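Q: Structure file run36.txt (compact mmCIF, C-alpha atoms) right here:
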```
# COMPACT_ATOMS: atom_id res chain seq x y z
CA MET A 1 0.00 0.00 0.00
CA ALA A 2 2.69 2.42 1.02
CA ASP A 3 4.71 1.25 -1.93
CA GLU A 4 1.85 1.87 -4.27
CA GLN A 5 1.31 5.30 -2.84
CA GLN A 6 4.96 6.12 -3.32
CA ARG A 7 4.73 5.16 -6.95
CA ASN A 8 1.58 7.16 -7.35
CA THR A 9 3.06 10.37 -6.01
CA ALA A 10 6.17 9.95 -8.10
CA SER A 11 4.43 9.55 -11.45
CA ALA A 12 3.79 12.58 -13.61
CA PHE A 13 0.09 11.87 -13.81
CA PRO A 14 -0.73 10.11 -10.56
CA ALA A 15 -3.97 8.17 -10.25
CA PRO A 16 -6.50 9.75 -7.92
CA PRO A 17 -6.19 8.61 -4.30
CA PRO A 18 -8.28 5.49 -3.58
CA PHE A 19 -10.76 7.28 -1.34
CA TYR A 20 -12.12 9.56 -4.04
CA THR A 21 -15.11 7.22 -4.43
CA HIS A 22 -16.37 8.37 -1.04
CA PHE A 23 -17.07 11.86 -2.34
CA THR A 24 -20.70 11.26 -3.17
CA PRO A 25 -23.59 13.67 -2.59
CA GLU A 26 -25.07 11.22 -0.06
CA ASN A 27 -21.87 11.07 1.96
CA GLN A 28 -21.49 14.82 1.89
CA ALA A 29 -25.06 15.26 3.07
CA ARG A 30 -24.45 12.73 5.82
CA LEU A 31 -21.30 14.49 6.90
CA LYS A 32 -23.11 17.78 7.03
CA ASP A 33 -25.85 16.22 9.15
CA ILE A 34 -23.38 14.69 11.56
CA GLN A 35 -21.40 17.88 11.80
CA SER A 36 -24.37 20.08 12.49
CA ALA A 37 -25.72 17.57 14.98
CA SER A 38 -22.53 16.85 16.89
CA THR A 39 -20.84 20.22 16.92
CA SER A 40 -22.40 22.28 19.62
CA ASN A 41 -20.14 25.16 18.69
CA PRO A 42 -19.87 25.29 14.88
CA SER A 43 -18.21 28.68 14.89
CA GLU A 44 -15.20 27.28 16.66
CA ASP A 45 -14.97 24.55 14.05
CA ASP A 46 -14.92 27.12 11.27
CA GLY A 47 -12.33 29.22 12.98
CA GLY A 48 -10.23 26.14 13.70
CA ASP A 49 -8.40 26.40 10.37
CA SER A 50 -6.74 29.62 11.28
CA SER A 51 -6.83 29.76 15.06
CA GLY A 52 -5.59 27.36 17.66
CA ALA A 53 -8.63 25.03 17.82
CA ASP A 54 -6.60 22.29 16.18
CA LYS A 55 -7.73 19.44 18.34
CA ASP A 56 -11.29 19.76 17.27
CA ALA A 57 -11.10 18.49 13.74
CA PRO A 58 -8.97 15.36 14.26
CA ALA A 59 -10.99 14.32 17.26
CA GLN A 60 -14.10 14.69 15.21
CA ALA A 61 -12.57 12.81 12.32
CA GLN A 62 -11.88 9.85 14.59
CA THR A 63 -15.44 9.58 15.73
CA LEU A 64 -16.69 9.64 12.15
CA PRO A 65 -17.05 6.50 10.05
CA PRO A 66 -13.89 6.11 7.92
CA GLU A 67 -15.61 6.81 4.61
CA LEU A 68 -16.75 10.16 5.97
CA ALA A 69 -13.53 11.06 7.76
CA CYS A 70 -11.70 11.57 4.50
CA LEU A 71 -14.23 14.14 3.41
CA ILE A 72 -12.79 16.57 5.92
CA PRO A 73 -9.75 18.08 4.24
CA PRO A 74 -6.52 17.89 6.22
CA LYS A 75 -4.89 21.12 7.28
CA PRO A 76 -2.26 22.53 4.95
CA PRO A 77 1.24 21.86 6.27
CA THR A 78 2.86 24.86 7.89
CA GLN A 79 6.46 23.70 8.00
CA GLY A 80 8.88 21.19 6.57
CA GLN A 81 8.71 20.02 2.98
CA TYR A 82 6.18 18.58 0.61
CA ARG A 83 6.34 16.88 -2.75
CA SER A 84 4.48 17.98 -5.82
CA PHE A 85 4.95 16.89 -9.42
CA GLY A 86 8.09 15.02 -8.48
CA ASP A 87 9.77 18.05 -6.90
CA THR A 88 10.40 18.78 -3.27
CA TRP A 89 9.16 22.13 -2.05
CA ASN A 90 10.04 23.97 1.11
CA ILE A 91 7.57 25.67 3.39
CA PRO A 92 7.68 28.62 3.27
CA ASP A 93 8.49 28.66 -0.43
CA ARG A 94 11.76 30.43 -1.07
CA LEU A 95 14.88 30.21 -3.16
CA PRO A 96 17.42 27.86 -1.58
CA THR A 97 20.79 29.51 -1.14
CA LEU A 98 23.87 28.11 -2.80
CA LYS A 99 25.26 27.12 0.55
CA GLU A 100 22.29 24.87 1.12
CA LEU A 101 22.91 23.27 -2.26
CA ASN A 102 26.58 22.75 -1.45
CA ILE A 103 27.74 24.89 -4.31
CA PRO A 104 30.53 27.42 -3.78
CA GLN A 105 29.24 30.96 -3.85
CA LEU A 106 31.34 33.24 -6.01
CA PHE A 107 29.75 36.53 -5.07
CA PRO A 108 29.84 38.30 -1.72
CA GLU A 109 26.86 38.23 0.57
CA PRO A 110 24.54 41.08 -0.33
CA SER A 111 24.53 43.91 2.15
CA GLY A 112 23.05 47.32 2.59
CA GLU A 113 22.16 50.08 0.20
CA SER A 114 24.31 49.47 -2.85
CA TYR A 115 22.92 45.97 -3.06
CA ASN A 116 21.62 46.17 -6.60
CA VAL A 117 24.52 48.06 -8.06
CA ASP A 118 26.77 45.42 -6.57
CA ARG A 119 24.71 42.75 -8.11
CA ALA A 120 24.96 44.10 -11.63
CA GLN A 121 28.70 44.43 -11.07
CA GLU A 122 28.91 40.85 -9.85
CA LEU A 123 26.95 39.61 -12.84
CA ARG A 124 29.28 41.41 -15.19
CA ARG A 125 32.29 40.04 -13.36
CA LEU A 126 30.96 36.51 -13.43
CA SER A 127 30.16 36.58 -17.11
CA LYS A 128 33.66 37.83 -17.91
CA SER A 129 35.12 35.16 -15.72
CA LEU A 130 32.99 32.55 -17.43
CA LEU A 131 34.33 33.59 -20.81
CA LEU A 132 37.88 33.45 -19.54
CA ASN A 133 37.30 29.97 -18.20
CA TYR A 134 36.04 28.91 -21.59
CA LEU A 135 39.09 30.35 -23.24
CA GLU A 136 41.29 28.36 -20.90
CA LEU A 137 39.27 25.25 -21.55
CA VAL A 138 39.67 25.66 -25.31
CA GLY A 139 43.37 26.22 -24.73
CA ILE A 140 43.69 22.98 -22.80
CA MET A 141 41.67 21.07 -25.35
CA GLY A 142 43.69 22.62 -28.14
CA VAL A 143 47.07 21.61 -26.81
CA SER A 144 46.26 18.03 -26.10
CA PRO A 145 43.27 17.07 -24.11
CA GLU A 146 44.26 13.49 -23.35
CA GLU A 147 47.82 14.32 -22.44
CA ALA A 148 46.76 17.20 -20.29
CA ALA A 149 44.45 14.80 -18.58
CA ALA A 150 47.13 12.14 -18.15
CA ASN A 151 49.71 14.59 -16.88
CA LEU A 152 47.40 16.05 -14.40
CA THR A 153 46.09 12.85 -12.94
CA ILE A 154 49.43 12.69 -11.21
CA GLY A 155 48.92 16.21 -9.93
CA GLY A 156 45.45 15.22 -8.85
CA GLY A 157 42.54 15.73 -11.23
CA MET A 158 42.15 16.36 -14.92
CA GLN A 159 42.60 19.90 -16.00
CA PHE A 160 39.76 20.12 -18.48
CA GLU A 161 37.38 18.46 -16.12
CA GLU A 162 38.26 21.03 -13.53
CA LYS A 163 37.63 23.81 -16.04
CA VAL A 164 34.25 22.36 -16.95
CA TYR A 165 33.44 22.20 -13.27
CA HIS A 166 34.45 25.83 -12.83
CA MET A 167 32.25 26.88 -15.72
CA ARG A 168 29.38 24.95 -14.24
CA ILE A 169 29.80 26.72 -10.93
CA HIS A 170 29.96 30.05 -12.71
CA LEU A 171 26.76 29.37 -14.61
CA ILE A 172 24.94 28.26 -11.49
CA ASN A 173 26.12 31.35 -9.65
CA ILE A 174 24.94 33.64 -12.43
CA HIS A 175 21.53 32.03 -12.45
CA GLN A 176 21.34 32.27 -8.69
CA LEU A 177 22.12 35.98 -8.84
CA ILE A 178 19.49 36.53 -11.50
CA ASN A 179 16.88 34.59 -9.59
CA GLU A 180 17.58 36.52 -6.42
CA TYR A 181 17.03 39.63 -8.47
CA ARG A 182 13.53 38.60 -9.46
CA PRO A 183 11.59 40.04 -6.51
CA HIS A 184 13.26 43.36 -7.15
CA GLN A 185 12.25 43.31 -10.79
CA ALA A 186 8.72 42.27 -9.87
CA ARG A 187 8.37 45.35 -7.67
CA GLU A 188 9.84 47.51 -10.38
CA THR A 189 7.38 46.13 -12.93
CA LEU A 190 4.51 46.72 -10.55
CA ILE A 191 5.60 50.32 -10.10
CA SER A 192 5.71 50.98 -13.81
CA MET A 193 2.33 49.31 -14.31
CA MET A 194 0.78 51.45 -11.61
CA GLU A 195 2.27 54.57 -13.11
CA GLU A 196 0.75 53.62 -16.44
CA GLN A 197 -2.63 53.03 -14.88
CA LEU A 198 -2.50 56.33 -13.07
CA GLU A 199 -1.72 58.08 -16.32
CA ARG A 200 -4.61 56.37 -18.09
CA SER A 201 -7.03 57.16 -15.33
CA LYS A 202 -6.05 60.82 -15.26
CA GLN A 203 -6.36 61.04 -19.01
CA GLU A 204 -9.83 59.56 -18.98
CA THR A 205 -10.94 62.00 -16.32
CA GLU A 206 -9.57 64.85 -18.36
CA GLU A 207 -11.40 63.67 -21.49
CA ASN A 208 -14.62 63.27 -19.60
CA ARG A 209 -14.34 66.81 -18.30
CA LYS A 210 -13.65 68.12 -21.75
CA ALA A 211 -16.75 66.38 -23.04
CA CYS A 212 -18.81 67.87 -20.26
CA ARG A 213 -17.57 71.37 -21.03
CA LYS A 214 -18.46 70.93 -24.66
CA ILE A 215 -21.95 69.74 -23.91
CA ARG A 216 -22.48 72.66 -21.56
CA GLU A 217 -21.39 75.10 -24.22
CA LEU A 218 -23.70 73.50 -26.72
CA MET A 219 -26.61 73.65 -24.37
CA ALA A 220 -25.94 77.26 -23.61
CA GLY A 221 -25.93 77.95 -27.34
CA LEU A 222 -29.18 76.09 -27.79
CA ASP A 223 -30.81 78.00 -25.01
CA SER A 224 -30.01 81.31 -26.64
CA PHE A 225 -31.44 79.98 -29.90
CA ASN A 226 -34.48 78.93 -28.03
CA ALA A 227 -34.88 82.32 -26.45
CA ASN A 228 -34.56 84.08 -29.78
CA GLY A 229 -37.15 81.81 -31.26
CA LEU A 230 -34.84 81.06 -34.17
CA LEU A 231 -35.51 77.40 -33.93
CA SER A 232 -35.14 75.18 -36.95
CA THR A 233 -34.80 71.55 -36.07
CA THR A 234 -32.60 70.21 -38.81
CA PRO A 235 -29.42 72.30 -38.68
CA GLU A 236 -29.49 72.27 -34.92
CA GLU A 237 -29.62 68.57 -34.79
CA THR A 238 -26.71 67.93 -37.09
CA GLY A 239 -24.74 70.40 -35.05
CA GLU A 240 -25.53 68.59 -31.85
CA GLY A 241 -24.71 65.24 -33.33
CA VAL A 242 -21.26 66.34 -34.40
CA GLY A 243 -20.61 68.16 -31.18
CA ALA A 244 -21.59 65.25 -28.99
CA GLY A 245 -19.62 62.84 -31.14
CA GLU A 246 -16.47 64.88 -30.79
CA GLY A 247 -16.86 65.65 -27.16
CA ALA A 248 -18.14 62.62 -25.37
CA GLY A 249 -16.53 59.99 -27.53
CA GLY A 250 -18.07 57.09 -29.43
CA GLU A 251 -20.12 55.70 -26.61
CA ALA A 252 -21.93 58.90 -25.84
CA SER A 253 -22.65 59.69 -29.46
CA LYS A 254 -24.02 56.21 -30.01
CA GLU A 255 -26.28 56.67 -27.06
CA ASN A 256 -27.39 59.98 -28.48
CA ASP A 257 -28.03 58.44 -31.86
CA ARG A 258 -30.22 55.83 -30.32
CA LYS A 259 -32.24 58.37 -28.42
CA ASP A 260 -32.38 60.61 -31.44
CA SER A 261 -33.82 57.93 -33.60
CA ALA A 262 -36.31 57.03 -30.87
CA SER A 263 -37.50 60.60 -30.75
CA TRP A 264 -37.64 60.72 -34.54
CA GLU A 265 -39.90 57.72 -34.52
CA ALA A 266 -42.09 59.32 -31.91
CA LEU A 267 -42.24 62.47 -34.01
CA GLN A 268 -43.18 60.57 -37.12
CA GLN A 269 -45.84 58.65 -35.33
CA ALA A 270 -47.27 61.83 -33.98
CA GLY A 271 -47.23 63.31 -37.46
CA LEU A 272 -48.98 60.31 -38.93
CA ALA A 273 -51.58 60.22 -36.25
CA MET B 274 8.43 39.82 -24.88
CA ALA B 275 9.93 38.32 -21.84
CA ASP B 276 11.23 40.48 -19.05
CA ARG B 277 14.85 41.50 -18.79
CA LEU B 278 15.87 38.87 -16.29
CA THR B 279 14.43 36.06 -18.35
CA GLN B 280 16.13 37.47 -21.41
CA LEU B 281 19.38 37.53 -19.51
CA GLN B 282 18.95 33.97 -18.35
CA ASP B 283 18.12 32.83 -21.86
CA ALA B 284 21.14 34.65 -23.20
CA ILE B 285 23.39 32.92 -20.69
CA ASP B 286 21.94 29.54 -21.55
CA GLN B 287 22.51 30.30 -25.20
CA LEU B 288 26.07 31.28 -24.42
CA ALA B 289 26.62 27.90 -22.79
CA THR B 290 25.14 26.22 -25.86
CA ILE B 291 27.49 28.18 -28.10
CA PHE B 292 30.41 27.10 -25.89
CA TYR B 293 29.47 23.51 -26.47
CA CYS B 294 28.72 23.91 -30.17
CA ALA B 295 32.03 25.58 -30.86
CA LEU B 296 34.07 22.88 -29.18
CA ARG B 297 32.03 20.16 -30.78
CA TYR B 298 32.30 21.65 -34.22
CA VAL B 299 36.05 21.93 -33.95
CA GLY B 300 36.20 18.43 -32.54
CA THR B 301 34.17 16.76 -35.26
CA HIS B 302 34.98 18.75 -38.38
CA HIS B 303 38.70 19.36 -38.19
CA ASP B 304 41.11 17.95 -40.70
CA PHE B 305 44.36 16.17 -39.93
CA VAL B 306 47.81 17.44 -40.69
CA PRO B 307 50.51 14.84 -41.49
CA THR B 308 53.81 15.23 -39.66
CA HIS B 309 56.88 14.88 -41.81
CA THR B 310 56.64 11.92 -44.11
CA GLU B 311 53.97 10.02 -42.23
CA GLN B 312 50.68 9.12 -43.82
CA LYS B 313 47.86 11.48 -43.06
CA VAL B 314 45.82 10.06 -40.20
CA ARG B 315 42.27 9.07 -41.01
CA ASP B 316 39.32 8.75 -38.75
CA GLU B 317 36.09 7.34 -40.13
CA THR B 318 33.95 9.05 -37.53
CA LEU B 319 35.21 12.47 -38.57
CA GLN B 320 34.02 14.33 -41.61
CA PRO B 321 36.51 17.12 -42.13
CA ASP B 322 35.17 20.29 -43.71
CA PRO B 323 37.20 21.85 -46.51
CA PRO B 324 39.73 24.30 -45.02
CA ALA B 325 37.96 27.44 -46.26
CA LEU B 326 34.62 26.35 -44.85
CA PHE B 327 36.21 25.23 -41.59
CA ARG B 328 37.88 28.58 -41.23
CA SER B 329 34.72 30.57 -41.88
CA SER B 330 32.67 28.36 -39.58
CA GLN B 331 35.20 28.88 -36.83
CA GLN B 332 35.00 32.59 -37.34
CA GLU B 333 31.24 32.51 -37.27
CA LEU B 334 31.21 30.60 -34.02
CA ALA B 335 33.69 33.00 -32.48
CA ARG B 336 31.60 35.94 -33.65
CA ASP B 337 28.48 34.39 -32.13
CA LEU B 338 30.33 33.98 -28.87
CA VAL B 339 31.44 37.58 -28.75
CA MET B 340 28.02 38.85 -29.80
CA LYS B 341 26.30 36.85 -27.10
CA THR B 342 28.70 38.13 -24.48
CA LYS B 343 28.08 41.70 -25.59
CA GLN B 344 24.35 41.09 -25.48
CA ILE B 345 24.64 39.78 -21.95
CA GLU B 346 26.55 42.89 -20.94
CA VAL B 347 23.91 45.14 -22.44
CA LEU B 348 21.19 43.21 -20.66
CA ILE B 349 22.98 43.49 -17.35
CA ALA B 350 23.38 47.21 -17.83
CA SER B 351 19.68 47.63 -18.55
CA LEU B 352 18.34 45.61 -15.66
CA PRO B 353 15.37 47.44 -14.22
CA GLY B 354 15.60 49.27 -10.94
CA ILE B 355 19.35 49.26 -10.53
CA GLY B 356 20.37 51.61 -7.76
CA VAL B 357 16.92 51.63 -6.19
CA SER B 358 16.65 50.02 -2.80
CA GLU B 359 13.81 47.86 -1.66
CA ASP B 360 12.58 50.49 0.78
CA ASP B 361 12.50 53.10 -1.98
CA GLN B 362 10.39 50.76 -4.04
CA LYS B 363 8.01 50.06 -1.21
CA GLY B 364 7.60 53.77 -0.50
CA ARG B 365 6.95 54.48 -4.14
CA LEU B 366 4.39 51.67 -4.30
CA LYS B 367 2.49 53.05 -1.34
CA GLU B 368 2.50 56.53 -2.81
CA LEU B 369 1.28 55.23 -6.16
CA GLY B 370 -1.48 53.29 -4.44
CA ARG B 371 -2.74 56.47 -2.81
CA GLU B 372 -2.52 58.44 -6.02
CA LEU B 373 -4.36 55.73 -7.90
CA GLU B 374 -7.18 55.75 -5.41
CA LYS B 375 -7.54 59.49 -5.73
CA ALA B 376 -7.45 59.35 -9.51
CA GLU B 377 -10.05 56.61 -9.56
CA GLU B 378 -12.34 58.71 -7.39
CA GLU B 379 -11.95 61.65 -9.73
CA ARG B 380 -12.60 59.41 -12.69
CA GLN B 381 -15.83 58.08 -11.23
CA LYS B 382 -16.93 61.60 -10.44
CA SER B 383 -16.28 62.75 -13.99
CA ILE B 384 -18.13 59.76 -15.42
CA LYS B 385 -21.11 60.54 -13.25
CA GLU B 386 -21.05 64.16 -14.28
CA LYS B 387 -20.91 63.15 -17.91
CA GLU B 388 -23.85 60.82 -17.57
CA GLU B 389 -25.94 63.42 -15.80
CA LEU B 390 -25.14 65.95 -18.48
CA LEU B 391 -26.05 63.46 -21.12
CA VAL B 392 -29.49 62.99 -19.62
CA GLU B 393 -29.94 66.74 -19.38
CA PHE B 394 -28.78 67.17 -22.93
CA ASP B 395 -31.14 64.49 -24.09
CA GLU B 396 -34.04 66.36 -22.56
CA VAL B 397 -33.02 69.51 -24.38
CA VAL B 398 -32.88 67.63 -27.66
CA ARG B 399 -36.29 66.16 -27.07
CA SER B 400 -37.76 69.52 -26.26
CA LEU B 401 -36.28 70.89 -29.47
CA LYS B 402 -37.89 68.22 -31.54
CA ARG B 403 -41.28 68.80 -30.10
CA VAL B 404 -41.29 72.35 -31.30
```
How would this structure read if it were set down as structure tokens?

A:
Amino acid sequence: MADEQQRNTASAFPAPPPFYTHFTPENQARLKDIQSASTSNPSEDDGGDSSGADKDAPAQAQTLPPELACLIPPKPPTQGQYRSFGDTWNIPDRLPTLKELNIPQLFPEPSGESYNVDRAQELRRLSKSLLLNYLELVGIMGVSPEEAAANLTIGGGMQFEEKVYHMRIHLINIHQLINEYRPHQARETLISMMEEQLERSKQETEENRKACRKIRELMAGLDSFNANGLLSTTPEETGEGVGAGEGAGGEASKENDRKDSASWEALQQAGLA
Amino acid sequence: MADRLTQLQDAIDQLATIFYCALRYVGTHHDFVPTHTEQKVRDETLQPDPPALFRSSQQELARDLVMKTKQIEVLIASLPGIGVSEDDQKGRLKELGRELEKAEEERQKSIKEKEELLVEFDEVVRSLKRV
């Protein structure tokens, strides 16, 4: 059983756990009944997930029939490690340091204010160093790879292998530096996105105000027409249509069009009747 | 387009690939040079390129290598937020959050104003048509 479970968690597409068949509407209804009947203080049960009322749920699970006990989800782990999709994950999730991975760290521990400047410097340094290592590797290979290897086994270790190892360490270090940089970049991206949004929002407000001003002007103009009794429907209307279209944007003008045509219909009907 | 850091990581991976390709190309396509009067060595697993092609391929690989390194340098230089500390960023974020809230309020107000005006305007238009 344990063996089977191990295999299941290790496969890329694990089979569902054997108890999934218990998740039937009947069982869930039964569980709900039992819970509401047995728990004299349901609020504590709800709060148990976050607060300290830990003992409640397991104790309850034990008293339940086994096919119902698995319907209560276990609490998420709060420490240690867990496995998912064949990888081991730490809780809390964070980037393991090179020291933890037993890989020599080629850059100094970050400290203080000039942190990020340092980091760019370190990256530049590491990439140069990587190139130099490659040059040395090509040099070794060019002279005589096998002989260099044979000579150096006496001195302890093959030279080209050592170079390849050095390059590997360099590459890992560079990637580590870049990955440590990611939170910083994420914040920076967020800042620029918020700035953009702010700009958009301000612009929209400005456009709305402009549209309002235009409409007010138009209305004032119409009122004076009205007062003078110089009213002729057709030219006025085209003027309004254009004005509204310019000012309030497509949406507003569409709305106006719709209302205009509605009033036209009403007019025509009135005329016909 | 991917962000700068991902670009940088990709570039470094590509650099490693070029490292390998260059060595492998030289290793599998080189020709042999006879010493003195000996027969030229042959190796069936090797398919030597003609000298001119070999030379130009070598140059191309070297150029790729240098280009990639330059690209990496440029990417490092253009990493976002260099010289800005985490606290600066957090302060800026808070400030932006406040500004955004204010701007959103203003925006809603202006939208409301616009809608009200639209209704008013509509009434005016209707009254015109009735005349």

Q: So, counting all atoms listed in the file, which residue among B:Ser329, B:Gln312, B:Gln344, B:Gln381 is closest to chain A?

A: B:Gln381

Q: Which one of B:Pro321, B:Pro353, B:Gly300, B:Pro307 sits closest to chain A if you count only C-alpha atoms?

A: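 With only C-alpha atoms as the atom set, the closest residue is B:Pro353.
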
Q: CA of Gln287 (chain B) to CA of Val339 (chain B): how many Å, to one decimal?

A: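 Pair CA of Gln287 (chain B) / CA of Val339 (chain B) returns 12.1 Å.
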
Q: For the atom pair CA of Ile140 (chain A) and CA of Arg168 (chain A), what is the interatomic distance in Å to one decimal place?

A: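 Going from CA of Ile140 (chain A) over to CA of Arg168 (chain A), I get 16.8 Å.
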
Q: Select all residues near (31.2, 32.0, -26.4) (cut-off 12 Å, inclusive, file coordinates), counting all atoms listed in the file, and output them as a count of residues only.

A: 40

Q: What is the CA of Glu346 (chain B) to CA of Glu122 (chain A) distance in Å?

A: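 Going from CA of Glu346 (chain B) over to CA of Glu122 (chain A), I get 11.5 Å.
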
Q: Could you give me, as a VMD selection string, the residues that have an atom at most 9 Å away from the point (-22.4, 10.7, 7.9) in the coordinates of the file, using all atoms listed in the file?

A: chain A and resid 26 to 35 64 to 65 67 to 69

Q: For a quick check of understanding, using all atoms listed in the file, which of A:Met193, A:Glu217, A:Gly80, A:Ala120 has the smallest distance to chain B?

A: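 Closest candidate: A:Ala120.
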
Q: Hey, which of A:His175, A:Arg125, A:His170, A:Lys75 ends up closest to chain B? Count all atoms listed in the file.

A: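 For chain B, the nearest of the given residues is A:His175.
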
Q: Which is closer to chain B than all the others in A:Gln176, A:Gln105, A:Ser38, A:Gln159, using all atoms listed in the file?

A: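 Smallest distance to chain B is found for A:Gln176.
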
Q: Between A:Ser224, A:Asn179, A:Leu95, A:Ile191, which one has atoms that come closest to Glu368 (chain B), using all atoms listed in the file?

A: A:Ile191
